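Below is structure36.csv, holding CSV, C-alpha atoms and all ligand atoms.
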chain,number,residue,atom,x,y,z
L,145,ILE,CA,-107.7,-145.2,132.2
L,146,GLN,CA,-110.6,-144.9,129.8
L,147,SER,CA,-109.2,-145.2,126.3
L,148,ARG,CA,-109.5,-142.2,124.0
L,149,LEU,CA,-109.1,-144.5,121.0
L,150,PRO,CA,-110.8,-147.8,122.0
L,151,ASP,CA,-110.9,-149.2,118.5
L,152,VAL,CA,-107.3,-148.5,117.7
L,153,GLY,CA,-104.6,-151.2,117.8
L,154,THR,CA,-101.0,-151.1,116.7
L,155,SER,CA,-100.4,-149.5,113.3
L,156,ILE,CA,-100.3,-152.0,110.4
L,157,PHE,CA,-96.9,-150.6,109.4
L,158,SER,CA,-95.4,-151.6,112.8
L,159,VAL,CA,-97.1,-155.0,112.7
L,160,MET,CA,-95.9,-155.9,109.3
L,161,SER,CA,-92.4,-154.6,109.6
L,162,LYS,CA,-92.0,-156.6,112.9
L,163,LEU,CA,-93.4,-159.7,111.3
L,164,ALA,CA,-91.0,-159.2,108.4
L,165,ILE,CA,-88.0,-159.0,110.8
L,166,ASP,CA,-89.2,-161.9,112.9
L,167,SER,CA,-89.7,-164.0,109.7
L,168,GLY,CA,-86.5,-162.9,108.0
L,169,ALA,CA,-88.8,-161.8,105.1
L,170,ILE,CA,-88.0,-159.1,102.4
L,171,ASN,CA,-89.9,-156.1,103.7
L,172,LEU,CA,-92.0,-154.6,100.9
L,173,SER,CA,-94.7,-153.6,103.5
L,174,GLN,CA,-93.9,-150.3,105.3
L,175,GLY,CA,-93.0,-147.6,102.9
L,176,PHE,CA,-89.3,-146.7,103.1
L,177,PRO,CA,-86.3,-147.0,100.8
L,178,ASP,CA,-83.8,-149.8,101.4
L,179,PHE,CA,-81.0,-147.6,99.9
L,180,ASP,CA,-79.3,-144.7,101.5
L,181,CYS,CA,-79.8,-141.0,100.9
L,182,ALA,CA,-77.1,-139.0,98.9
L,183,PRO,CA,-73.7,-138.9,100.6
L,184,GLU,CA,-73.6,-135.2,100.0
L,185,LEU,CA,-76.6,-134.8,102.3
L,186,ILE,CA,-74.9,-136.8,105.1
L,187,ALA,CA,-71.8,-134.6,104.6
L,188,LEU,CA,-74.0,-131.5,105.1
L,189,VAL,CA,-75.5,-132.9,108.3
L,190,GLU,CA,-72.0,-133.6,109.6
L,191,LYS,CA,-70.9,-130.1,108.7
L,192,HIS,CA,-73.7,-128.5,110.7
L,193,LEU,CA,-73.3,-130.9,113.6
L,194,HIS,CA,-69.7,-129.8,113.8
L,195,SER,CA,-70.4,-126.1,113.5
L,196,GLY,CA,-72.5,-125.7,116.6
L,197,LYS,CA,-75.9,-126.0,115.1
L,198,ASN,CA,-77.0,-128.2,118.1
L,199,GLN,CA,-79.5,-126.1,120.1
L,200,TYR,CA,-83.2,-125.4,119.6
L,201,ALA,CA,-84.2,-124.2,116.2
L,202,PRO,CA,-86.7,-121.4,116.1
L,203,MET,CA,-90.2,-122.7,116.7
L,204,THR,CA,-91.3,-122.3,113.1
L,205,GLY,CA,-88.2,-123.7,111.5
L,206,VAL,CA,-84.7,-122.3,110.7
L,207,PRO,CA,-85.3,-119.3,108.6
L,208,VAL,CA,-83.1,-120.4,105.7
L,209,LEU,CA,-85.1,-123.6,105.4
L,210,ASN,CA,-88.4,-121.8,105.5
L,211,GLU,CA,-87.1,-119.6,102.7
L,212,ARG,CA,-86.1,-122.6,100.6
L,213,ILE,CA,-89.4,-124.3,101.1
L,214,ALA,CA,-91.3,-121.1,100.1
L,215,GLU,CA,-89.1,-120.8,97.0
L,216,LYS,CA,-89.7,-124.4,96.0
L,217,VAL,CA,-93.5,-124.3,96.4
L,218,ASN,CA,-93.9,-120.9,94.9
L,219,GLY,CA,-91.6,-121.8,92.0
L,220,LEU,CA,-93.4,-125.0,91.2
L,221,HIS,CA,-97.0,-123.8,91.7
L,222,GLY,CA,-97.0,-120.1,91.0
L,223,SER,CA,-98.1,-119.4,94.6
L,224,ASN,CA,-96.9,-116.6,96.9
L,225,TYR,CA,-96.3,-118.2,100.3
L,226,ARG,CA,-94.3,-116.0,102.7
L,227,ALA,CA,-91.5,-117.9,104.5
L,228,GLU,CA,-91.9,-116.2,107.9
L,229,SER,CA,-95.7,-116.5,108.3
L,230,GLU,CA,-96.9,-119.3,106.0
L,231,VAL,CA,-94.3,-122.1,106.3
L,232,THR,CA,-93.6,-124.3,109.4
L,233,VAL,CA,-91.1,-127.1,109.6
L,234,THR,CA,-92.6,-130.1,111.3
L,235,ALA,CA,-91.5,-133.5,112.7
L,236,GLY,CA,-92.5,-135.3,109.5
L,237,GLY,CA,-95.7,-135.2,107.6
L,238,THR,CA,-97.5,-137.1,110.4
L,239,GLN,CA,-97.0,-134.3,112.9
L,240,ALA,CA,-98.1,-131.7,110.4
L,241,LEU,CA,-101.3,-133.6,109.7
L,242,PHE,CA,-102.0,-134.1,113.4
L,243,THR,CA,-101.3,-130.4,114.2
L,244,ALA,CA,-103.6,-129.1,111.3
L,245,ILE,CA,-106.4,-131.4,112.6
L,246,ALA,CA,-105.8,-130.3,116.2
L,247,ALA,CA,-105.9,-126.6,115.2
L,248,THR,CA,-109.1,-126.9,113.2
L,249,ILE,CA,-111.4,-129.6,114.6
L,250,HIS,CA,-114.0,-128.9,117.3
L,251,PRO,CA,-116.1,-131.7,118.8
L,252,GLY,CA,-118.9,-132.5,116.4
L,253,ASP,CA,-117.2,-131.0,113.3
L,254,GLU,CA,-117.5,-133.2,110.3
L,255,VAL,CA,-114.5,-134.2,108.2
L,256,ILE,CA,-114.8,-135.8,104.8
L,257,ILE,CA,-112.1,-138.3,104.1
L,258,PHE,CA,-111.5,-140.7,101.3
L,259,GLU,CA,-110.8,-144.4,101.9
L,260,PRO,CA,-108.5,-146.2,101.5
L,261,ALA,CA,-107.0,-143.7,103.8
L,262,TYR,CA,-103.5,-143.4,105.5
L,263,ASP,CA,-103.9,-144.9,108.9
L,264,SER,CA,-103.2,-141.7,111.0
L,265,TYR,CA,-106.1,-139.7,109.6
L,266,ILE,CA,-109.1,-141.2,111.4
L,267,PRO,CA,-107.6,-141.6,114.9
L,268,SER,CA,-106.2,-138.0,114.8
L,269,ILE,CA,-109.7,-136.6,113.8
L,270,ARG,CA,-111.5,-138.7,116.5
L,271,LEU,CA,-109.1,-137.5,119.2
L,272,PHE,CA,-110.5,-134.0,118.8
L,273,GLY,CA,-114.1,-135.1,118.6
L,274,GLY,CA,-114.4,-134.9,114.8
L,275,VAL,CA,-117.0,-136.9,113.0
L,276,ILE,CA,-115.8,-138.9,110.0
L,277,ARG,CA,-117.8,-138.7,106.8
L,278,SER,CA,-116.1,-141.3,104.6
L,279,VAL,CA,-116.1,-141.7,100.9
L,280,ALA,CA,-115.1,-145.3,100.2
L,281,LEU,CA,-113.3,-145.6,96.9
L,282,THR,CA,-113.0,-149.0,95.2
L,283,PRO,CA,-110.5,-150.7,93.0
L,284,PRO,CA,-109.5,-150.9,90.3
L,285,ASP,CA,-109.7,-147.2,89.5
L,286,TYR,CA,-110.7,-145.6,92.9
L,287,ARG,CA,-112.6,-142.9,91.0
L,288,ILE,CA,-114.2,-140.1,93.1
L,289,ASP,CA,-117.9,-139.5,92.6
L,290,TRP,CA,-118.1,-135.8,93.3
L,291,GLN,CA,-121.9,-135.8,93.3
L,292,HIS,CA,-121.6,-138.1,96.3
L,293,VAL,CA,-119.0,-135.9,98.0
L,294,ARG,CA,-121.3,-132.9,97.5
L,295,SER,CA,-124.1,-134.8,99.1
L,296,LEU,CA,-122.0,-135.3,102.3
L,297,VAL,CA,-121.4,-131.6,102.8
L,298,THR,CA,-123.5,-130.1,105.6
L,299,PRO,CA,-123.2,-126.9,107.6
L,300,ARG,CA,-121.1,-128.9,110.1
L,301,THR,CA,-118.5,-129.9,107.5
L,302,ARG,CA,-115.3,-128.3,108.8
L,303,MET,CA,-112.6,-130.1,106.7
L,304,ILE,CA,-112.0,-132.2,103.6
L,305,LEU,CA,-108.8,-134.3,103.8
L,306,LEU,CA,-107.3,-135.4,100.5
L,307,ASN,CA,-104.1,-137.3,99.7
L,308,SER,CA,-102.6,-137.1,96.2
L,309,PRO,CA,-100.7,-139.0,95.0
L,310,GLN,CA,-102.6,-141.4,97.2
L,311,ASN,CA,-101.3,-144.0,99.5
L,312,PRO,CA,-102.0,-146.9,99.0
L,313,SER,CA,-103.9,-146.7,95.6
L,314,GLY,CA,-101.3,-144.8,93.6
L,315,THR,CA,-104.0,-142.6,92.1
L,316,ILE,CA,-103.6,-138.9,91.6
L,317,LEU,CA,-106.1,-136.0,91.5
L,318,THR,CA,-106.8,-134.5,88.1
L,319,GLU,CA,-107.5,-130.9,87.1
L,320,GLU,CA,-111.2,-131.9,86.8
L,321,ASP,CA,-111.1,-133.2,90.4
L,322,MET,CA,-109.7,-129.9,91.5
L,323,ARG,CA,-112.4,-128.0,89.6
L,324,GLN,CA,-115.1,-130.1,91.4
L,325,LEU,CA,-113.4,-129.5,94.7
L,326,THR,CA,-113.3,-125.8,94.0
L,327,ASP,CA,-117.0,-125.8,93.2
L,328,ILE,CA,-118.0,-127.8,96.3
L,329,THR,CA,-116.0,-125.6,98.7
L,330,ARG,CA,-116.9,-122.2,97.2
L,331,ASP,CA,-118.8,-120.0,99.7
L,332,THR,CA,-118.2,-122.5,102.6
L,333,ASN,CA,-115.9,-122.3,105.6
L,334,ILE,CA,-114.4,-125.7,104.7
L,335,VAL,CA,-110.7,-126.1,105.3
L,336,MET,CA,-108.7,-128.4,103.1
L,337,LEU,CA,-106.0,-130.7,104.6
L,338,SER,CA,-104.0,-131.8,101.6
L,339,ASP,CA,-101.5,-134.6,102.2
L,340,GLU,CA,-99.0,-134.1,99.4
L,341,VAL,CA,-96.1,-136.1,100.8
L,342,TYR,CA,-95.7,-138.0,97.4
L,343,GLU,CA,-95.9,-134.7,95.4
L,344,HIS,CA,-92.6,-135.5,93.5
L,345,LEU,CA,-93.4,-139.1,92.8
L,346,VAL,CA,-95.8,-138.7,89.8
L,347,TYR,CA,-95.3,-140.7,86.6
L,348,ASP,CA,-95.9,-140.9,82.9
L,349,GLY,CA,-95.5,-137.1,82.4
L,350,LEU,CA,-98.5,-136.4,84.6
L,351,GLN,CA,-98.7,-133.2,86.7
L,352,HIS,CA,-99.1,-133.2,90.4
L,353,GLN,CA,-102.2,-131.0,91.2
L,354,SER,CA,-101.2,-129.2,94.4
L,355,MET,CA,-103.7,-127.2,96.2
L,356,ALA,CA,-101.1,-124.4,95.9
L,357,ARG,CA,-101.9,-124.2,92.1
L,358,PHE,CA,-105.5,-123.2,92.6
L,359,PRO,CA,-106.0,-119.8,94.3
L,360,GLU,CA,-109.5,-120.6,95.6
L,361,LEU,CA,-108.3,-123.8,97.1
L,362,ARG,CA,-105.0,-122.5,98.3
L,363,GLU,CA,-106.6,-119.9,100.5
L,364,ARG,CA,-108.4,-122.6,102.5
L,365,SER,CA,-105.6,-125.3,102.5
L,366,PHE,CA,-103.0,-126.8,104.8
L,367,ILE,CA,-100.5,-128.5,102.5
L,368,VAL,CA,-98.4,-131.2,104.1
L,369,ALA,CA,-95.1,-132.5,102.8
L,370,SER,CA,-92.3,-134.8,104.0
L,371,PHE,CA,-88.5,-134.7,103.5
L,372,GLY,CA,-88.6,-138.4,104.2
L,373,LYS,CA,-89.9,-138.9,100.7
L,374,LEU,CA,-87.9,-136.1,99.1
L,375,PHE,CA,-84.5,-137.2,100.4
L,376,HIS,CA,-84.9,-140.9,101.0
L,377,THR,CA,-84.7,-140.1,104.7
L,378,THR,CA,-87.9,-141.4,106.4
L,379,GLY,CA,-86.0,-141.9,109.6
L,380,TRP,CA,-85.3,-138.1,110.0
L,381,LYS,CA,-89.0,-137.4,110.5
L,382,LEU,CA,-88.7,-134.0,108.9
L,383,GLY,CA,-91.5,-132.3,107.0
L,384,TYR,CA,-93.4,-129.1,106.6
L,385,CYS,CA,-96.7,-127.5,106.3
L,386,VAL,CA,-97.6,-124.4,104.2
L,387,ALA,CA,-100.9,-122.5,104.6
L,388,PRO,CA,-102.2,-119.0,104.4
L,389,ALA,CA,-101.1,-116.8,107.4
L,390,GLN,CA,-104.5,-117.0,109.2
L,391,LEU,CA,-104.5,-120.8,109.1
L,392,MET,CA,-100.8,-121.0,109.9
L,393,SER,CA,-101.1,-118.8,112.9
L,394,GLU,CA,-103.6,-121.3,114.4
L,395,PHE,CA,-101.4,-124.2,113.3
L,396,ARG,CA,-98.4,-122.7,115.2
L,397,LYS,CA,-100.4,-122.2,118.4
L,398,VAL,CA,-100.6,-126.0,118.5
L,399,HIS,CA,-97.2,-126.8,117.0
L,400,GLN,CA,-95.4,-124.8,119.7
L,401,PHE,CA,-96.8,-127.0,122.5
L,402,ASN,CA,-96.7,-130.2,120.5
L,403,VAL,CA,-93.0,-130.4,119.5
L,404,PHE,CA,-92.0,-126.7,119.7
L,405,SER,CA,-89.3,-127.1,117.1
L,406,VAL,CA,-87.6,-129.8,115.0
L,407,ASN,CA,-84.0,-131.0,115.1
L,408,THR,CA,-81.6,-128.2,114.0
L,409,PRO,CA,-78.7,-129.7,112.1
L,410,MET,CA,-81.0,-131.7,109.8
L,411,GLN,CA,-82.9,-128.5,109.0
L,412,TYR,CA,-79.8,-126.7,107.9
L,413,ALA,CA,-78.7,-129.6,105.8
L,414,ALA,CA,-82.1,-129.8,104.2
L,415,ALA,CA,-81.9,-126.1,103.4
L,416,ASP,CA,-78.5,-126.5,101.7
L,417,PHE,CA,-79.6,-129.6,99.8
L,418,LEU,CA,-82.8,-128.0,98.6
L,419,SER,CA,-80.9,-125.2,96.9
L,420,ASP,CA,-80.5,-127.6,93.9
L,421,PRO,CA,-83.9,-128.3,92.5
L,422,GLN,CA,-82.6,-131.4,90.9
L,423,THR,CA,-82.8,-133.1,94.3
L,424,TYR,CA,-86.5,-133.4,93.9
L,425,LEU,CA,-87.0,-132.9,90.2
L,426,GLN,CA,-85.3,-136.2,89.3
L,427,LEU,CA,-87.4,-138.2,91.7
L,428,SER,CA,-90.2,-139.0,89.3
L,429,ALA,CA,-87.9,-140.5,86.7
L,430,PHE,CA,-86.0,-142.4,89.4
L,431,PHE,CA,-89.1,-144.0,90.9
L,432,GLN,CA,-90.8,-144.5,87.6
L,433,ARG,CA,-88.0,-146.8,86.5
L,434,LYS,CA,-88.5,-148.8,89.7
L,435,ARG,CA,-92.2,-148.9,89.2
L,436,ASP,CA,-91.7,-150.2,85.6
L,437,GLU,CA,-89.0,-152.7,86.7
L,438,PHE,CA,-91.2,-154.1,89.4
L,439,THR,CA,-94.2,-154.3,87.0
L,440,ARG,CA,-92.1,-156.1,84.5
L,441,LEU,CA,-90.8,-158.6,87.0
L,442,MET,CA,-94.3,-159.2,88.5
L,443,LYS,CA,-95.6,-160.4,85.1
L,444,GLU,CA,-94.1,-163.7,85.9
L,445,THR,CA,-96.2,-164.1,89.0
L,446,ARG,CA,-99.9,-164.8,89.6
L,447,PHE,CA,-100.5,-161.4,91.1
L,448,ASP,CA,-102.4,-158.8,89.0
L,449,LEU,CA,-101.0,-155.3,89.4
L,450,LEU,CA,-103.3,-152.3,89.5
L,451,PRO,CA,-102.2,-149.1,87.8
L,452,CYS,CA,-99.9,-146.7,89.7
L,453,LYS,CA,-99.7,-143.1,88.6
L,454,GLY,CA,-97.9,-141.8,91.7
L,455,SER,CA,-96.4,-142.7,95.2
L,456,TYR,CA,-94.0,-145.6,95.7
L,457,PHE,CA,-96.6,-148.3,96.1
L,458,LEU,CA,-98.1,-150.8,93.7
L,459,SER,CA,-101.2,-152.7,94.6
L,460,ALA,CA,-101.9,-156.2,93.5
L,461,SER,CA,-104.9,-158.4,93.4
L,462,TYR,CA,-104.3,-162.1,94.4
L,463,SER,CA,-107.6,-163.4,93.2
L,464,ARG,CA,-105.8,-165.9,91.0
L,465,ILE,CA,-104.0,-167.3,94.0
L,466,SER,CA,-106.4,-167.4,96.9
L,467,GLY,CA,-109.7,-166.2,98.3
L,468,GLU,CA,-108.3,-165.7,101.9
L,469,PRO,CA,-108.9,-162.4,103.7
L,470,ASP,CA,-106.1,-160.0,102.9
L,471,THR,CA,-104.7,-159.9,106.4
L,472,ALA,CA,-104.4,-163.7,106.5
L,473,PHE,CA,-102.9,-163.7,103.1
L,474,THR,CA,-100.2,-161.1,103.9
L,475,GLN,CA,-99.3,-163.0,107.1
L,476,ARG,CA,-98.9,-166.2,105.1
L,477,LEU,CA,-97.0,-164.4,102.4
L,478,THR,CA,-94.6,-163.1,105.0
L,479,LYS,CA,-94.1,-166.2,107.0
L,480,ASP,CA,-94.2,-168.9,104.3
L,481,PHE,CA,-92.9,-167.1,101.2
L,482,GLY,CA,-90.6,-164.5,102.8
L,483,VAL,CA,-92.1,-161.3,101.3
L,484,ALA,CA,-94.0,-158.8,103.5
L,485,ALA,CA,-96.8,-156.6,102.1
L,486,ILE,CA,-99.6,-154.5,103.5
L,487,PRO,CA,-103.2,-155.7,103.4
L,488,VAL,CA,-105.2,-152.9,101.9
L,489,SER,CA,-108.2,-153.5,104.2
L,490,ALA,CA,-106.1,-151.8,106.9
L,491,PHE,CA,-106.8,-148.5,105.0
L,492,TYR,CA,-110.6,-148.8,105.4
L,493,ALA,CA,-112.2,-148.2,108.8
L,494,LYS,CA,-114.7,-151.0,108.2
L,495,GLY,CA,-112.0,-153.3,106.9
L,496,ASN,CA,-113.3,-153.5,103.3
L,497,ASP,CA,-111.4,-156.4,101.8
L,498,TYR,CA,-111.1,-156.4,98.0
L,499,GLY,CA,-108.3,-159.1,98.0
L,500,ILE,CA,-105.6,-156.5,97.4
L,501,VAL,CA,-102.2,-156.1,98.9
L,502,ARG,CA,-99.7,-153.2,98.7
L,503,PHE,CA,-96.1,-153.5,97.8
L,504,CYS,CA,-93.5,-150.8,98.3
L,505,PHE,CA,-91.1,-150.6,95.3
L,506,ALA,CA,-88.7,-148.0,96.8
L,507,LYS,CA,-86.1,-150.8,96.9
L,508,LYS,CA,-82.8,-151.6,95.3
L,509,GLN,CA,-83.0,-153.6,92.0
L,510,GLU,CA,-81.6,-156.7,93.7
L,511,THR,CA,-84.2,-156.5,96.5
L,512,LEU,CA,-87.0,-156.3,93.9
L,513,GLU,CA,-85.6,-159.2,91.9
L,514,LYS,CA,-85.2,-161.4,95.0
L,515,ALA,CA,-88.7,-160.5,96.2
L,516,VAL,CA,-90.3,-161.4,92.9
L,517,GLU,CA,-88.3,-164.6,92.7
L,518,ARG,CA,-90.1,-165.6,95.9
L,519,LEU,CA,-93.4,-164.3,94.8
L,520,MET,CA,-93.2,-166.6,91.7
L,521,ASN,CA,-93.7,-169.5,94.1
L,522,VAL,CA,-96.9,-168.2,95.5
L,601,LIG,N1,-99.0,-139.3,104.6
L,601,LIG,C1,-98.9,-140.3,103.9
L,601,LIG,C2,-99.9,-140.6,102.8
L,601,LIG,C3,-97.8,-141.2,104.1
L,601,LIG,O1,-97.7,-142.3,103.3
L,601,LIG,C4,-96.9,-141.0,105.1
L,601,LIG,C5,-95.9,-142.0,105.4
L,601,LIG,N2,-94.8,-141.9,105.0
L,601,LIG,C6,-97.1,-139.8,105.8
L,601,LIG,C7,-98.1,-139.0,105.6
L,601,LIG,C8,-96.1,-139.5,107.0
L,601,LIG,O2,-94.9,-138.9,106.6
L,601,LIG,P1,-93.7,-138.8,107.6
L,601,LIG,O3,-93.0,-140.1,107.6
L,601,LIG,O4,-92.9,-137.6,107.1
L,601,LIG,O5,-94.3,-138.5,108.9
L,602,LIG,N1,-96.1,-144.0,105.2
L,602,LIG,C1,-95.5,-145.3,105.3
L,602,LIG,C2,-96.4,-146.3,104.6
L,602,LIG,O1,-97.4,-146.1,104.2
L,602,LIG,C3,-95.3,-145.8,106.7
L,602,LIG,C4,-95.2,-144.7,107.8
L,602,LIG,C5,-95.3,-145.4,109.1
L,602,LIG,O2,-94.7,-146.4,109.4
L,602,LIG,N2,-96.0,-144.8,110.0
L,602,LIG,O3,-96.0,-147.5,104.6

Spell out the structure here as structure tokens.
Amino acid sequence: IQSRLPDVGTSIFSVMSKLAIDSGAINLSQGFPDFDCAPELIALVEKHLHSGKNQYAPMTGVPVLNERIAEKVNGLHGSNYRAESEVTVTAGGTQALFTAIAATIHPGDEVIIFEPAYDSYIPSIRLFGGVIRSVALTPPDYRIDWQHVRSLVTPRTRMILLNSPQNPSGTILTEEDMRQLTDITRDTNIVMLSDEVYEHLVYDGLQHQSMARFPELRERSFIVASFGKLFHTTGWKLGYCVAPAQLMSEFRKVHQFNVFSVNTPMQYAAADFLSDPQTYLQLSAFFQRKRDEFTRLMKETRFDLLPCKGSYFLSASYSRISGEPDTAFTQRLTKDFGVAAIPVSAFYAKGNDYGIVRFCFAKKQETLEKAVERLMNV
């Protein structure tokens, strides 16, 4: 067959996790916790598995979960999303992103994205004939030049895709960024796709700037979230999208023929678990401790860490160690030193290489200590 995605290989997350397993390395590459979720959450899944919640869920999500999601988002951001028409439960954040793109993008539509960008964005946009207009952000601060963004907007601009907290850079959007975005999109038909899967992993007392907080942005936004990050359950592939009814109605037209619905017992368990806001409110403090601990340990190595305001990733420059390309360096790090990381060039379509690797610190203390012990030899 003629490839729809001729330039696409296997995702870097699959590649590095496989190399980590094959090399017996500590896996700080793909983003997932190496500790389990709360036992209470498992007990809730068991309860629903044993109480006959094993058939198709409604296409848009089990109503009690849609309710809990609407309560959470509205409670946090002062919005007024309606559970029945403006919330859809998805198979992880990835399917929500894909569906929002599929529902919005026509061939020739332009999409502004920011690189480094999560690896699913560009292929998903290209599949529907979207044209990428990329803003390449650079370390160490990855600051957005809004003047430049404004210059990329044309009558064909259909979507702006943003990710805050950002994977892999750990940067977050500020109130000033949101003001700029509001100005740029005012009086346009631009749709925002806002990847907020790390919304509850924001540090140093900073505030996550959700599109839901800003009425002018909210009315044009698909907001994507993931229970994988919320509950330490990346393997459940459970997430959601919220959007104004008009956008959500188009989203659901695609969703119903993409997955139709998402596994039922986990949805009930998620709804029960969400009823205590502490489940997500304590996440920032929890991961901030891990960030600080990993930062402290890494001081003994020759890596230079970049700041991280959110997400569970820390980037590090290895300029004091070697001048190799980052892909070669991460391969060697994994095979020879037993620690797997992600080369940040994988987040740039043109492979921009700034000599930076990404470590996931969502790991047990002992894992972080063992990894850094090995990194001291590099
Ligand atoms: N967006 C970003 C920025 C991510 O890092 C991830 C990966 N976890 C996702 C979306 C996908 O989330 P999920 O695993 O729920 O599909
Ligand atoms: N989001 C995770 C990361 O950035 C990986 C998800 C995946 O493997 N597709 O590492």

request  = Give the residue list for ligand LIG 602 (chain L) at 12 Å, counting all atoms listed in the file, as a VMD selection string, sorted by chain and then by residue number.
outcome  = chain L and resid 154 to 162 171 to 177 236 to 239 260 to 265 307 310 to 314 339 to 342 369 to 370 372 to 373 377 to 379 381 455 to 458 484 to 488 490 to 491 502 to 506

So that all listed atoms of region 254-260 of chain L fit with 4 Å spare on each side, what axis-aligned box centre and edge lengths in Å, to one decimal, would you give as JSON?
{"center_x": -113.0, "center_y": -139.7, "center_z": 105.8, "size_x": 17.0, "size_y": 21.0, "size_z": 17.0}

Atomic distance CA of Lys216 (chain L) - CA of Pro388 (chain L), expressed in Å with one decimal = 16.0 Å

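Remark: for Ala387 (chain L), the closest of the candidate residues L:Arg362, L:His399, L:Lys508, L:Arg270 is L:Arg362 (distances computed over only C-alpha atoms).
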
Shell around Leu281 (chain L) at 9 Å using all atoms listed in the file, local window under 3 positions removed, as a PyMOL selection string = chain L and resi 258-260+285-289

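With all atoms listed in the file as the basis for measurement, L:Ile367 is the residue among L:Ile367, L:Ile328, L:Val335, L:Val516 that approaches ligand LIG 601 (chain L) most closely.
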
task = Please measure the separation of CA of Thr282 (chain L) and CA of Asp470 (chain L), giving the value in Å to one decimal.
result = 15.1 Å

key: Selection near Arg148 (chain L), 12 Å with all atoms listed in the file, sequence-local residues under 3 positions removed, as a ChimeraX atom specification   = /L:145,151-153,267-273

Could you save those same residues with C-alpha atoms as a PDB file, keeping the file's coordinate frame?
ATOM      1  CA  ILE L 145    -107.700-145.200 132.200  1.00  0.00           C
ATOM      2  CA  ASP L 151    -110.900-149.200 118.500  1.00  0.00           C
ATOM      3  CA  VAL L 152    -107.300-148.500 117.700  1.00  0.00           C
ATOM      4  CA  GLY L 153    -104.600-151.200 117.800  1.00  0.00           C
ATOM      5  CA  PRO L 267    -107.600-141.600 114.900  1.00  0.00           C
ATOM      6  CA  SER L 268    -106.200-138.000 114.800  1.00  0.00           C
ATOM      7  CA  ILE L 269    -109.700-136.600 113.800  1.00  0.00           C
ATOM      8  CA  ARG L 270    -111.500-138.700 116.500  1.00  0.00           C
ATOM      9  CA  LEU L 271    -109.100-137.500 119.200  1.00  0.00           C
ATOM     10  CA  PHE L 272    -110.500-134.000 118.800  1.00  0.00           C
ATOM     11  CA  GLY L 273    -114.100-135.100 118.600  1.00  0.00           C
TER      12      GLY L 273
END

note = Computed gap from CA of Ser278 (chain L) to CA of Thr301 (chain L) is 12.0 Å

query = Counting only C-alpha atoms, what is within 7 Å of Leu345 (chain L), bar same-chain residues fewer than 2 positions away, as a list of chain:residue names?
reply = L:Tyr342, L:Glu343, L:Tyr347, L:Leu427, L:Ser428, L:Phe431, L:Gly454, L:Ser455

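Among the candidates L:Cys452, L:Leu361, L:Ala356, L:Val255, the one nearest to Arg330 (chain L) when counting only C-alpha atoms is L:Leu361.
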
From (-84.5, -123.4, 117.1), in the file's coordinates, out to 10 Å: which residues are reached, counting only C-alpha atoms? Answer as a compact mmCIF listing (two decimals) with C-alpha atoms, keeping the file's coordinate frame.
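The resulting file, part-v7.txt, is shown below:
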# COMPACT_ATOMS: atom_id res chain seq x y z
CA LYS L 197 -75.90 -126.00 115.10
CA ASN L 198 -77.00 -128.20 118.10
CA GLN L 199 -79.50 -126.10 120.10
CA TYR L 200 -83.20 -125.40 119.60
CA ALA L 201 -84.20 -124.20 116.20
CA PRO L 202 -86.70 -121.40 116.10
CA MET L 203 -90.20 -122.70 116.70
CA THR L 204 -91.30 -122.30 113.10
CA GLY L 205 -88.20 -123.70 111.50
CA VAL L 206 -84.70 -122.30 110.70
CA PRO L 207 -85.30 -119.30 108.60
CA PHE L 404 -92.00 -126.70 119.70
CA SER L 405 -89.30 -127.10 117.10
CA VAL L 406 -87.60 -129.80 115.00
CA ASN L 407 -84.00 -131.00 115.10
CA THR L 408 -81.60 -128.20 114.00
CA PRO L 409 -78.70 -129.70 112.10
CA GLN L 411 -82.90 -128.50 109.00

Which residues come within 9 Å of Trp290 (chain L), counting all atoms listed in the file, excluding same-chain residues fewer than 5 positions away, as a PDB file with C-alpha atoms, in the coordinates of the input?
ATOM      1  CA  SER L 295    -124.100-134.800  99.100  1.00  0.00           C
ATOM      2  CA  ASP L 321    -111.100-133.200  90.400  1.00  0.00           C
ATOM      3  CA  GLN L 324    -115.100-130.100  91.400  1.00  0.00           C
ATOM      4  CA  LEU L 325    -113.400-129.500  94.700  1.00  0.00           C
ATOM      5  CA  ILE L 328    -118.000-127.800  96.300  1.00  0.00           C
TER       6      ILE L 328
END

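Closest to Glu510 (chain L) among L:Leu305, L:Ile170, L:Ala182, L:Ala164 is L:Ile170, based on only C-alpha atoms.
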
message = Calculated over only C-alpha atoms, which of the candidates L:Gln390, L:Ser167, L:Ser463, L:Gln426 has the smallest distance to Gln475 (chain L)?
response = L:Ser167

request  = Kindly indicate which residue among L:Ile266, L:Leu382, L:Ile304, L:Ala187 lies nearest to ligand LIG 601 (chain L), using all atoms listed in the file for the distances.
outcome  = L:Leu382

Show which residues sit within 7 Å of Val189 (chain L), as a PDB file with C-alpha atoms, in the frame of the given file. Count all atoms listed in the file, and ignore same-chain residues fewer than 3 positions away.
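As written to disk, selection.pdb reads:
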ATOM      1  CA  LEU L 185     -76.600-134.800 102.300  1.00  0.00           C
ATOM      2  CA  ILE L 186     -74.900-136.800 105.100  1.00  0.00           C
ATOM      3  CA  HIS L 192     -73.700-128.500 110.700  1.00  0.00           C
ATOM      4  CA  LEU L 193     -73.300-130.900 113.600  1.00  0.00           C
ATOM      5  CA  PRO L 409     -78.700-129.700 112.100  1.00  0.00           C
ATOM      6  CA  MET L 410     -81.000-131.700 109.800  1.00  0.00           C
ATOM      7  CA  ALA L 413     -78.700-129.600 105.800  1.00  0.00           C
TER       8      ALA L 413
END
